[in-house]
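Peer 1: Before anything else, here's the structure in question.
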Amino acid sequence: MTNENKPYDPAKEGAQMSFDGRMSYGDYLQIDKILDAQKPLSTAHDEMLFIIQHQTSELWMRLAIHELIAARNALRNDDLAPAFKMLARVARIFEQLNSAWDVLRTMTPSEYTEFRNTLGQSSGFQSQQYRQVEYILGNRNKAMLKPHAHKPHIHQLLDDELNQPSLYDEALRLLNRNGVDVPNEILTRDVREQHQPSSDVENAWKIVYQDTSKYWTLYELAEKLVDFEDYFRRWRFNHVTTVERIIGFKRGTGGTGGVSYLRRMLEVELFPELWHVRTQL
Ligand code: HEM
C-alpha cells in the first residue's frame with residue numbers, strides 16, 4: 001500500500017479543534033499580548049530582529065530571576081539539592097542567551113545604522129531585569145539605581161533587592177554553618193555594599209577544595225557557582241564583541257563610552273574568591 005500525500009486531519013484521532021469557550025494554547029500563553037509588542041519605529045528590515053533579540057533576552061532573564069531568587073532561598077534553608085538544580089538551570093539559560101548572539105551578529109553596521117537614531121537614548125544599560133540579576137548575584141553598584149528613578153515601583157524593587165543578602169552572601173553563610181569558618185565581619189557585613197575579596201574567604205574555599213570527600217556538597221556548590229559565572233562572563237564577552245562588530249568604538253545610545261564601558265564590566269568578579277583560590281590549589 002502506498003502512502004497517499006493528502007493533508008491529514010488530526011481531528012480523526014481526537015485532537016481538539018474547536019475552542020469556543022475552552023482555553024486554547026494562545027489563551028494560556030497570552031500570545032496575542034506577546035505578539036503585539038513588536039513595534040518598530042522605522043521601516044528598516046533589521047529593526048524587528050533587534051527588538052525580538054532584546055525581548056527574548058528579557059523573557060529568559062525573567063526566568064533567571066525566578067530561579068535565582070528560589071535558589072537563594074533554598075541555600076538559606078539548607079535545601080541544597082533543589083538549589084543545585086536551579087543554579088544548573090540558570091547556567092543553561094545563559095548558555096541559551098550566549099547562542100542567541102549568533103543571530104544578532106548577522107546584522108551589519110550598515111543595517112544597524114539605518115534605525116539606530118530611532119532608539120534615542122534607550123539602551124540595555126537601563127534594563128531593570130539585568131540590574132536585578134546583577135544585584136541578586138552580588139554586583140551591587142548603587143549608582144545603577146538612578147536610571148530607574150522615574151519609575152518608583154522599579155526603583156523600589158531594585159532598592160529592596162539591595163537590602164537582601166546576595167546569592168554569594170547566602171553561599172558564604174551556608175559554608176560557615178557547615179563547619180568551614182567564615183569571619184564574622186563577612187557574615188554580618190552591610191549587604192547593600194559590594195562584597196570585597198577576602199583572603200579569609202579564599203582560605204575557607206581552599207579547605208573545601210582540599211578535602212572534597214569531606215565537603216562534597218560545599219564543593220558541588222562552589223562548582224555550580226563557578227559554572228554559572230563562567231556562562232555569565234561569556235555573555236558579557238559576547239555582548240562586547242558583538243557591540244564592537246556592529247558599532248565599533250562609537251558611544252552607546254545610553255551615553256557611556258560603549259565598548260570601553262563594556263570592557264570594564266568584563267573585570268567584574270561575582271564570586272571572586274572562588275576564582276582566586278584556584279591559584280592556590
Ligand atoms: C546591536 C546590538 C547591541 C548594541 C550595539 C549594544 C550596545 C550596548 C552599549 C554600547 C552598551 C553600554 C551602555 C550604553 O552606553 O548604551 C550596552 C549595555 C547593555 N546592553 Fe547592549 N547592545 C546590543 C544588544 C544588546 C542585547 C541583545 C541585549 C540583551 C538584553 C543587551 C543588553 C545590554 C545590557 C544589559 C547592558 C548593560 C550592561 C552593564 O551595565 O553591564 N544589549 N549595550
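Following the order of the C-alpha cells, first chain is A, next is B, and so on, with residues numbered from 1 inside each chain and ligands from 1 in the order they appear.
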Which residues are near ligand 1 in this structure, taking near to mean any atom at most 8 Å from a ligand atom and counting only C-alpha atoms and all ligand atoms? Format them as a PyMOL selection string.

Peer 2: chain A and resi 50+53-58+101+104+107+112+121-127+130-131+144+236+239-240+242-244+246-247+250-259+261-262+265

Peer 1: From a DSSP calculation on the backbone, collect every residue of range 99-251 of chain A in helix (DSSP H, G or I) and output the set as a ChimeraX atom specification.

Peer 2: /A:99-104,109-113,116-119,124-126,128-137,142-148,152-162,167-177,184-187,199-210,216-247

Peer 1: For a quick check of understanding, using only C-alpha atoms, which of A:Glu269, A:Glu47, A:Asp27, A:Glu202 has the smallest distance to Thr118 in chain A?

Peer 2: A:Glu47

Peer 1: Neighbouring residues of Ile69 in chain A were defined as those with any atom within 9 Å, considering only C-alpha atoms; residues of the same chain fewer than 5 positions away were excluded. Please report them as JSON, numbers by chain.

Peer 2: {"A": [64, 74, 136, 167]}

Peer 1: With N, CA and C atoms retained, could you export that selection as a compact mmCIF listing (two decimals), in the first residue's frame?

Peer 2:
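As a result, part24.txt now contains:
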```
# COMPACT_ATOMS: atom_id res chain seq x y z
N ALA A 64 15.45 33.57 34.72
CA ALA A 64 16.69 33.51 35.51
C ALA A 64 16.45 34.11 36.91
N ALA A 74 16.58 28.64 48.85
CA ALA A 74 16.90 27.24 49.15
C ALA A 74 18.23 27.16 49.91
N ILE A 136 21.11 40.52 42.55
CA ILE A 136 20.90 39.23 43.25
C ILE A 136 22.24 38.52 43.38
N LEU A 167 23.14 36.18 46.57
CA LEU A 167 23.30 34.72 46.45
C LEU A 167 24.63 34.28 47.06
```

Peer 1: So, counting only C-alpha atoms, which residue among A:Asn98, A:Val182, A:Leu175, A:Leu274 is closest to Arg234 in chain A?

Peer 2: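 Under the stated criterion, the closest residue is A:Asn98.
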